[in-house]
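Undergrad: Right, I'll just put the structure down here and ask away after.
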Number of protein chains: 2
Amino acid sequence: MSEKKIPYKIYLEENEMPKFWYNLRADMKNKPAPLLNPGTHQPMTAEELSGVFCEELVKQELDNETREYPIPEEIRDFYKMYRPSPLVRAYCLEEKLQTPAKIYYKFEGNNTSGSHKLNSAIAQAYYAKKQGLKGVTTETGAGQWGTALSMACSYFGLDCKVYMVKVSYEQKPFRREVMRTYGADVTPSPSDTTNVGRKILEQFPGTTGSLGCAISEAVEVAVSNPGYRYVLGSVLNQVLLHQSVIGLESKIAMDKYGIKPDVIIGCAGGGSNLGGLIAPFMGEKLRGEADYQIIAVEPASCPSLTRGKYAYDFCDTGMVCPLAKMYTLGSGFIPAPNHAGGLRYHGMSSILSQLYDDGYMEARSVEQTAVFAAAEQFARVEGILPAPESSHAIKVAIDEALKCKETGEEKTILFGLTGTGYFDLVAYQKYHDGEMSDYIPTDEELAKGFASLPQF
Amino acid sequence: MSEKKIPYKIYLEENEMPKFWYNLRADMKNKPAPLLNPGTHQPMTAEELSGVFCEELVKQELDNETREYPIPEEIRDFYKMYRPSPLVRAYCLEEKLQTPAKIYYKFEGNNTSGSHKLNSAIAQAYYAKKQGLKGVTTETGAGQWGTALSMACSYFGLDCKVYMVKVSYEQKPFRREVMRTYGADVTPSPSDTTNVGRKILEQFPGTTGSLGCAISEAVEVAVSNPGYRYVLGSVLNQVLLHQSVIGLESKIAMDKYGIKPDVIIGCAGGGSNLGGLIAPFMGEKLRGEADYQIIAVEPASCPSLTRGKYAYDFCDTGMVCPLAKMYTLGSGFIPAPNHAGGLRYHGMSSILSQLYDDGYMEARSVEQTAVFAAAEQFARVEGILPAPESSHAIKVAIDEALKCKETGEEKTILFGLTGTGYFDLVAYQKYHDGEMSDYIPTDEELAKGFASLPQF
């Protein structure tokens with residue numbers, strides 16, 4: 001197929017959109033380790049989990065076997081409002097870099113939540129509504145998940161209580177207004193509205209918060225209010241299942257034009273975007289049908305894959321959640337205050353952790369000033385203002401494209417552009433003003449986080 | 001064609017995108033009145049205008065005859081990065097309103113500048129580059145035009161100096177950072193960097209600025225720096241020409257599905273979006289080939305069409321620009337400080353003014369709290385956070401749809417959703433906190449603006 005025939009943006013028709021989510025676990029020989037009851041250290045049962053999560057989501061969480069889950073029609077209708085997201089050929093970036101590589105990105109930022117998070121938010125809100133619940137609680141870091149969930153809850157008429165990591169709440173005052181526009185209730189975390197929040201505030205006065213801590217507060221509110229359940233925007237198996245829509249659409253679009261990526265790159269915080277983007281490609285790799293180089297990119301200041309331990313850990317600071325086996329820095333780890341964006345979770349999706357441990361993907365860590373330089377370079381030629389999180393993937397995509405320039409290889413690179421940076425302009429401003437710094441935690445600092453790992 | 005067959009979003013293929021801009025003036029029997037030299041009161045010649053504008057743009061500005069202008073390939077390539085913009089069927093809004101009306105909107109906010117302004121910015125930057133200029137100067141109000149121009153200049157490697165209305169500069173600090181990301185130089189207006197700015201500051205200390213004043217500053221800098229020209233994001237004939245891409249795409253998409261709008265609605269500040277959206281439809285109306293109800297929506301606090309005079313006026317406060325015949329409140333008119341969004345220009349495109357005067361379109365004014373209520377209602381069901389400007393059109397589209405509910409008419413409504421509200425959250429916050437007020441200028445206040453009209 002002639003090079004010129006590939007459009008700048010590949011959209012799918014509505015009838016080409018995926019009708020099923022793909023459950024990567026079905027193709028994994030080594031299944032992700034089960035969640036454990038923090039008291040008994042036995043695998044969590046469906047019954048135990050259903051106090052925290054909706055029933056259908058519990059089923060999805062525990063199901064390592066079913067390969068395809070039909071996407072309910074109500075969710076597909078909502079998807080049609082903002083999906084399919086465009087698969088973009090980065091012609092302008094390629095020309096700027098003078099690389100023989102062909103660069104594609106799947107742009108998930110063209111919806112009001114500004115990120116891919118909406119893909120799972122609408123699914124989780126749908127199942128909560130179907131179960132007849134009153135509302136849901138959650139945490140949010142950079143605010144993308146909270147915004148997405150607010151939109152989803154507003155659509156289905158559910159109450160939405162969001163605990164927002166305090167540093168983000170302060171750095172991103174406008175995020176709160178978007179969530180309010182969608183009718184959500186937003187509290188900076190740690191707060192004095194929960195037992196666990198009060199305890200953390202007492203122990204660490206002046207803390208700027210962490211995702212782990214906000215999760216503890218949201219879970220406490222969910223389990224102590226009848227008709228409420230907790231929902232989570234990343235890490236969990238169910239989330240990766242819903243996010244598979246990213247990879248499925250990408251694959252359908254690429255197949256349509258006979259394109260096969262050599263390298264697939266995604267930023268990785270809890271793993272929702274990366275796990276979704278790579279799902280169908282990794283499936284082929286696991287089944288021995290194709291090979292792809294898959295790269296997870298994380299911040300050097302929160303390096304769970306590249307410097308973490310593969311161990312059972314608490315998902316939250318308050319230790320009220322089940323234990324998950326994952327690459328982790330320990331639930332006590334909090335990134336340095338100069339860390340600007342999201343991707344600040346101490347652990348990584350159990351699915352991705354297992355795949356990484358089994359050698360199916362690699363991981364790289366990058367420093368934030370280099371990430372913002374890549375973000376600005378990208379914005380100036382591709383016209384999209386990327387979120388700092390997404391820019392981690394941009395940075396490594398550019399690195400790979402420049403390697404191709406040296407070697408002359410015409411590799412096809414696919415990366416996930418998870419969202420937009422409209423609410424990250426405090427960080428952009430710091431970068432412009434030369435006030436942004438990098439920080440790589442020392443081994444001693446990491447050791448403090450590891451000390452918070454459960455011993456058993 | 002079956003109702004169900006119409007997708008939520010209609011995208012065009014790259015090869016279906018318009019290759020020509022449509023010059024509405026070619027089909028107007030009464031041509032828009034020419035720009036006049038403020039000194040001689042004679043029509044401005046191409047030579048006179050070329051000190052301020054690029055040569056090709058001067059040609060476009062003065063050309064009332066050529067029906068179609070080929071869109072240069074370089075601009076079409078840039079358009080491909082963010083166009084075609086989706087034409088969306090507002091199924092969810094229709095259901096919420098329980099209206100038999102069919103509502104469509106053309107969404108121009110899915111690019112980083114967040115609005116339709118990019119359509120003309122890239123054209124103007126292209127012609128400046130082609131002429132070998134060093135850079136361009138401009139004004140911006142809400143900041144959408146400045147952002148769009150920054151992106152366009154960055155793409156072509158042009159210097160970009162933006163004078164930003166002071167009240168917007170203060171209410172939208174993050175806009176400046178987006179412009180800086182694209183390498184632009186942004187100054188709050190009035191400023192002490194120009195003669196006209198210093199004069200206005202002396203006359204009105206503490207003024208929050210106006211578009212008219214920012215225009216004067218930008219023009220002064222353009223004409224006093226070799227290699228620079230001034231560019232404008234609205235009002236001018238050339239801008240409406242470029243913006244015709246909005247209407248052309250809408251029409252192609254609707255024709256594809258056999259849809260014919262009964263009512264076409266657009267917000268109107270200087271007229272760039274409205275003039276672009278309606279262009280091909282108005283062309284059919286002018287040629288007697290079809291009929292459409294066309295509604296311009298403006299803020300009650302800045303009502304140039306509904307309460308202005310049709311007269312020659314200064315385009316800018318400093319009176320350095322040519323005179324334009326338009327519906328105007330007088331260049332001395334400044335909207336009340338509680339006015340939250342854009343659409344604050346004292347006049348209206350000469351083309352639209354003539355069409356309005358000739359009875360080809362109607363105008364309505366709406367108050368801002370009602371506009372924000374419509375914005376929030378829209379956001380909650382359609383998932384897009386609209387700009388306050390765009391929400392003027394939403395408000396009237398909802399009004400029209402509710403009328404259909406009463407009468408049972410199944411009208412097809414098309415409105416322009418010009419942009420997103422990510423940078424308008426100070427205003428949204430005021431609305432949420434019940435601190436937003438309405439203001440309708442009294443006849444006495446309007447009389448003060450009219451007193452600034454040139455007498456001849």
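As shown in the structure tokens, the chain order sets the letters A, B, ...; within each chain, residues go from 1, and ligands are also counted from 1 in the order they appear.
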Would you mind listing, as a VMD selection string, all residues of chain A that have at least one atom within 7 Å of chain B, where only C-alpha atoms are what counts?

TA: chain A and resid 7 to 8 14 80 to 81 110 to 112 151 154 to 155 174 177 181 to 182 376 380 to 381 383 to 385 422 425 428 to 429

Undergrad: Please give the complete set of residues from stretch 224-450 of chain A that DSSP, run on the backbone, assigns to strand (DSSP E or B), formatted as number ranges by chain.

TA: A: 228-230, 263-267, 293-299, 309-314, 323-328, 347, 362-366, 386, 412-417, 419-420

Undergrad: Export N, CA and C atoms of the chosen residues as a short mmCIF file (atom, residue, chain, number, x, y, z; two decimals), in the first residue's frame?

TA:
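Wrote it out as part-v6.cif, contents follow:
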data_model
loop_
_atom_site.label_atom_id
_atom_site.label_comp_id
_atom_site.auth_asym_id
_atom_site.auth_seq_id
_atom_site.Cartn_x
_atom_site.Cartn_y
_atom_site.Cartn_z
N TYR A 228 -23.46 2.60 48.42
CA TYR A 228 -22.26 3.13 47.76
C TYR A 228 -21.25 2.01 47.53
N ARG A 229 -20.49 2.14 46.46
CA ARG A 229 -19.37 1.25 46.24
C ARG A 229 -18.19 2.11 45.81
N TYR A 230 -17.02 1.49 45.91
CA TYR A 230 -15.79 2.17 45.54
C TYR A 230 -15.44 1.82 44.09
N VAL A 263 7.28 -1.30 17.50
CA VAL A 263 7.48 -0.90 18.89
C VAL A 263 6.18 -0.26 19.40
N ILE A 264 5.75 -0.65 20.59
CA ILE A 264 4.55 -0.06 21.19
C ILE A 264 4.94 0.53 22.54
N ILE A 265 4.60 1.80 22.72
CA ILE A 265 5.09 2.54 23.89
C ILE A 265 3.93 3.17 24.63
N GLY A 266 3.92 3.02 25.94
CA GLY A 266 2.88 3.68 26.72
C GLY A 266 3.44 4.14 28.06
N CYS A 267 2.88 5.24 28.57
CA CYS A 267 3.26 5.66 29.91
C CYS A 267 2.59 4.72 30.91
N GLN A 293 7.93 -5.18 20.23
CA GLN A 293 8.71 -4.65 21.35
C GLN A 293 7.78 -3.72 22.13
N ILE A 294 7.58 -4.00 23.39
CA ILE A 294 6.62 -3.23 24.18
C ILE A 294 7.36 -2.53 25.32
N ILE A 295 7.19 -1.21 25.40
CA ILE A 295 7.96 -0.44 26.38
C ILE A 295 7.04 0.35 27.30
N ALA A 296 7.15 0.09 28.58
CA ALA A 296 6.45 0.88 29.60
C ALA A 296 7.36 2.03 30.02
N VAL A 297 6.80 3.25 30.08
CA VAL A 297 7.62 4.40 30.47
C VAL A 297 7.10 4.97 31.78
N GLU A 298 7.98 5.13 32.72
CA GLU A 298 7.56 5.66 34.02
C GLU A 298 8.46 6.81 34.45
N PRO A 299 8.00 7.63 35.40
CA PRO A 299 8.84 8.74 35.86
C PRO A 299 10.02 8.22 36.69
N LYS A 309 10.05 -3.60 43.79
CA LYS A 309 10.13 -5.02 44.09
C LYS A 309 8.86 -5.69 43.62
N TYR A 310 8.95 -6.94 43.20
CA TYR A 310 7.76 -7.69 42.79
C TYR A 310 7.29 -8.47 44.01
N ALA A 311 6.29 -7.95 44.67
CA ALA A 311 5.88 -8.51 45.96
C ALA A 311 4.43 -8.15 46.25
N TYR A 312 3.84 -8.86 47.18
CA TYR A 312 2.51 -8.47 47.65
C TYR A 312 2.63 -7.17 48.43
N ASP A 313 1.68 -6.28 48.18
CA ASP A 313 1.74 -4.98 48.86
C ASP A 313 0.31 -4.48 49.08
N PHE A 314 0.21 -3.54 49.97
CA PHE A 314 -1.05 -2.83 50.16
C PHE A 314 -1.29 -1.93 48.95
N LEU A 323 -4.54 -7.01 49.46
CA LEU A 323 -3.15 -6.97 49.01
C LEU A 323 -3.08 -7.40 47.55
N ALA A 324 -2.20 -6.75 46.80
CA ALA A 324 -2.00 -7.13 45.40
C ALA A 324 -0.53 -7.42 45.17
N LYS A 325 -0.27 -8.44 44.34
CA LYS A 325 1.13 -8.71 43.99
C LYS A 325 1.48 -7.84 42.79
N MET A 326 2.50 -7.03 42.97
CA MET A 326 2.82 -6.09 41.91
C MET A 326 4.25 -5.57 42.05
N TYR A 327 4.77 -5.00 41.01
CA TYR A 327 6.00 -4.22 41.14
C TYR A 327 5.63 -2.98 41.94
N THR A 328 6.33 -2.77 43.04
CA THR A 328 5.90 -1.70 43.95
C THR A 328 7.09 -1.05 44.65
N GLY A 347 2.52 1.42 43.06
CA GLY A 347 2.55 0.08 42.49
C GLY A 347 2.13 0.06 41.03
N GLU A 362 9.41 -4.40 28.30
CA GLU A 362 10.50 -3.73 29.02
C GLU A 362 9.98 -2.46 29.68
N ALA A 363 10.84 -1.85 30.48
CA ALA A 363 10.43 -0.60 31.14
C ALA A 363 11.59 0.38 31.12
N ARG A 364 11.25 1.63 30.99
CA ARG A 364 12.26 2.69 31.06
C ARG A 364 11.76 3.79 31.96
N SER A 365 12.67 4.45 32.63
CA SER A 365 12.28 5.61 33.43
C SER A 365 12.89 6.86 32.82
N VAL A 366 12.15 7.96 32.87
CA VAL A 366 12.63 9.22 32.28
C VAL A 366 12.43 10.36 33.27
N PRO A 386 0.06 18.06 25.08
CA PRO A 386 -0.09 16.76 25.75
C PRO A 386 -0.04 16.86 27.27
N THR A 412 8.13 0.99 12.63
CA THR A 412 6.83 1.60 12.88
C THR A 412 6.61 1.65 14.39
N ILE A 413 6.41 2.86 14.88
CA ILE A 413 6.26 3.08 16.32
C ILE A 413 4.82 3.47 16.61
N LEU A 414 4.24 2.85 17.59
CA LEU A 414 2.90 3.23 18.05
C LEU A 414 3.00 3.63 19.50
N PHE A 415 2.49 4.84 19.82
CA PHE A 415 2.46 5.16 21.25
C PHE A 415 1.09 5.69 21.67
N GLY A 416 0.83 5.60 22.96
CA GLY A 416 -0.44 6.06 23.49
C GLY A 416 -0.34 7.50 23.94
N LEU A 417 -1.15 8.39 23.32
CA LEU A 417 -1.22 9.77 23.78
C LEU A 417 -2.49 9.85 24.63
N GLY A 419 -3.74 11.80 26.97
CA GLY A 419 -4.59 12.93 27.33
C GLY A 419 -3.96 14.28 27.06
N THR A 420 -4.75 15.32 27.36
CA THR A 420 -4.32 16.69 27.11
C THR A 420 -3.83 17.37 28.39
#

Undergrad: Between atom CA of B:Gly275 and atom CA of B:Leu352, what is the spacing in Å?

TA: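 Rounded to one decimal, the two atoms are 6.7 Å apart.
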
Undergrad: Just checking: using only C-alpha atoms, which residue out of B:Ser168, B:Thr99, B:Ser189, B:Ser85 ends up closest to B:Ala340?

TA: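 Among B:Ser168, B:Thr99, B:Ser189, B:Ser85, it is B:Ser168 that comes nearest to B:Ala340.
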
Undergrad: In stretch 279-329 of chain A, what's helix (DSSP H, G or I) per DSSP? Answer as number ranges by chain?

TA: A: 279-286, 304-307

Undergrad: Counting only C-alpha atoms, which of A:Glu389, A:Glu220, A:Glu410, A:Glu249 gets nearest to A:Gly318?

TA: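 Answer, going by the shortest atom-to-atom distance: A:Glu220.
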
Undergrad: Identify, on the basis of only C-alpha atoms, every residue whose closest approach to B:Ile259 does not exceed 12 Å; exclude the query and any residue fewer than 3 positions from it along the same chain; express the result as a list of chain:residue names.

TA: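 With the cut-off at 12 Å, the set is B:Met1, B:Ser2, B:Glu3, B:Lys5, B:Ile6, B:Ile10, B:Leu87, B:Arg89, B:Lys102, B:Ile103, B:Tyr104, B:Ser250, B:Lys251, B:Ile252, B:Ala253, B:Met254, B:Asp255, B:Lys256, B:Asp262, B:Lys411, B:Thr412, B:Ile413, B:Leu414.
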
Undergrad: Just the residues within 9 Å of A:His41, please, counting only C-alpha atoms, with nothing from its chain fewer than 6 positions along; format it as a list in words.

TA: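 Residues near the query, excluding close chain neighbours: Leu35, Pro322, Leu323 and Phe456 of chain A.
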
Undergrad: Write out the residues from the selection above, keeping all heavy atoms, as a PDB file, in the first residue's frame.

TA:
ATOM      1  N   LEU A  35      -5.706 -11.162  44.323  1.00  0.00           N
ATOM      2  CA  LEU A  35      -5.766 -10.252  45.472  1.00  0.00           C
ATOM      3  C   LEU A  35      -5.887 -11.093  46.741  1.00  0.00           C
ATOM      4  O   LEU A  35      -6.557 -12.119  46.747  1.00  0.00           O
ATOM      5  CB  LEU A  35      -6.997  -9.339  45.342  1.00  0.00           C
ATOM      6  CG  LEU A  35      -7.028  -8.370  44.159  1.00  0.00           C
ATOM      7  CD1 LEU A  35      -8.403  -7.711  44.038  1.00  0.00           C
ATOM      8  CD2 LEU A  35      -5.939  -7.305  44.314  1.00  0.00           C
ATOM      9  N   PRO A 322      -7.475  -4.867  49.785  1.00  0.00           N
ATOM     10  CA  PRO A 322      -6.807  -6.157  49.633  1.00  0.00           C
ATOM     11  C   PRO A 322      -5.341  -5.964  49.241  1.00  0.00           C
ATOM     12  O   PRO A 322      -4.959  -4.910  48.727  1.00  0.00           O
ATOM     13  CB  PRO A 322      -7.572  -6.830  48.487  1.00  0.00           C
ATOM     14  CG  PRO A 322      -8.863  -6.105  48.377  1.00  0.00           C
ATOM     15  CD  PRO A 322      -8.620  -4.723  48.861  1.00  0.00           C
ATOM     16  N   LEU A 323      -4.543  -7.006  49.455  1.00  0.00           N
ATOM     17  CA  LEU A 323      -3.146  -6.970  49.014  1.00  0.00           C
ATOM     18  C   LEU A 323      -3.079  -7.403  47.548  1.00  0.00           C
ATOM     19  O   LEU A 323      -3.798  -8.304  47.130  1.00  0.00           O
ATOM     20  CB  LEU A 323      -2.322  -7.948  49.849  1.00  0.00           C
ATOM     21  CG  LEU A 323      -2.328  -7.720  51.363  1.00  0.00           C
ATOM     22  CD1 LEU A 323      -1.598  -8.866  52.076  1.00  0.00           C
ATOM     23  CD2 LEU A 323      -1.659  -6.385  51.687  1.00  0.00           C
ATOM     24  N   PHE A 456       5.192 -11.255  55.299  1.00  0.00           N
ATOM     25  CA  PHE A 456       4.571 -12.583  55.554  1.00  0.00           C
ATOM     26  C   PHE A 456       5.122 -13.605  54.572  1.00  0.00           C
ATOM     27  O   PHE A 456       5.745 -13.233  53.576  1.00  0.00           O
ATOM     28  CB  PHE A 456       3.039 -12.516  55.482  1.00  0.00           C
ATOM     29  CG  PHE A 456       2.466 -12.216  54.137  1.00  0.00           C
ATOM     30  CD1 PHE A 456       2.076 -13.245  53.274  1.00  0.00           C
ATOM     31  CD2 PHE A 456       2.306 -10.894  53.703  1.00  0.00           C
ATOM     32  CE1 PHE A 456       1.543 -12.955  52.039  1.00  0.00           C
ATOM     33  CE2 PHE A 456       1.772 -10.611  52.480  1.00  0.00           C
ATOM     34  CZ  PHE A 456       1.395 -11.645  51.634  1.00  0.00           C
TER      35      PHE A 456
END

Undergrad: Which of these residues is nearest to A:Leu453, using only C-alpha atoms: A:Glu139, A:Glu48, A:Asp316, A:Asp291?

TA: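 Ranking A:Glu139, A:Glu48, A:Asp316, A:Asp291 by distance to A:Leu453, first place goes to A:Asp316.
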
Undergrad: Would you work out the distance separating atom CA of B:Ala125 from atom CA of B:Ser50, expressed in Å to one decimal?

TA: 15.2 Å

Undergrad: In Å to one decimal, how far is atom CA of A:His346 from atom CA of A:Ile278?

TA: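 Interatomic distance here is 21.5 Å.
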
Undergrad: At a cut-off of 10 Å, using only C-alpha atoms, what residues contact A:Asn23? Leave out same-chain residues fewer than 2 positions from it and give the result as JSON, numbers by chain.

TA: {"A": [20, 21, 25, 26, 27, 28, 60, 63, 64, 65, 66, 67, 68, 69, 237, 238, 240, 241, 242, 243, 244, 276, 279, 280, 283]}

Undergrad: Might you pull out every residue within 10 Å of A:Gln98, with only C-alpha atoms counted and same-chain residues fewer than 6 positions away left off, and present them as a list in words?

TA: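 Residues meeting the cut-off are Cys92, Ala401, Leu402, Cys404 and Lys405 of chain A.
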
Undergrad: Go ahead and save the residues from that selection, with C-alpha atoms, as a tab-separated table (two decimals), in the first residue's frame.

TA:
chain	number	residue	atom	x	y	z
A	92	CYS	CA	4.90	16.45	11.16
A	401	ALA	CA	12.65	7.49	16.30
A	402	LEU	CA	16.06	9.15	16.68
A	404	CYS	CA	16.09	4.82	13.73
A	405	LYS	CA	17.61	7.95	12.25

Undergrad: Can you tell me, as a VMD selection string, what residues are no more than 12 Å from A:Thr137 when counting only C-alpha atoms, ignoring any on the same chain fewer than 3 positions away?

TA: chain A and resid 52 to 54 121 124 to 125 128 133 to 134 140 145 to 146 149 to 150 153 158 to 164 184 to 187 214 to 233
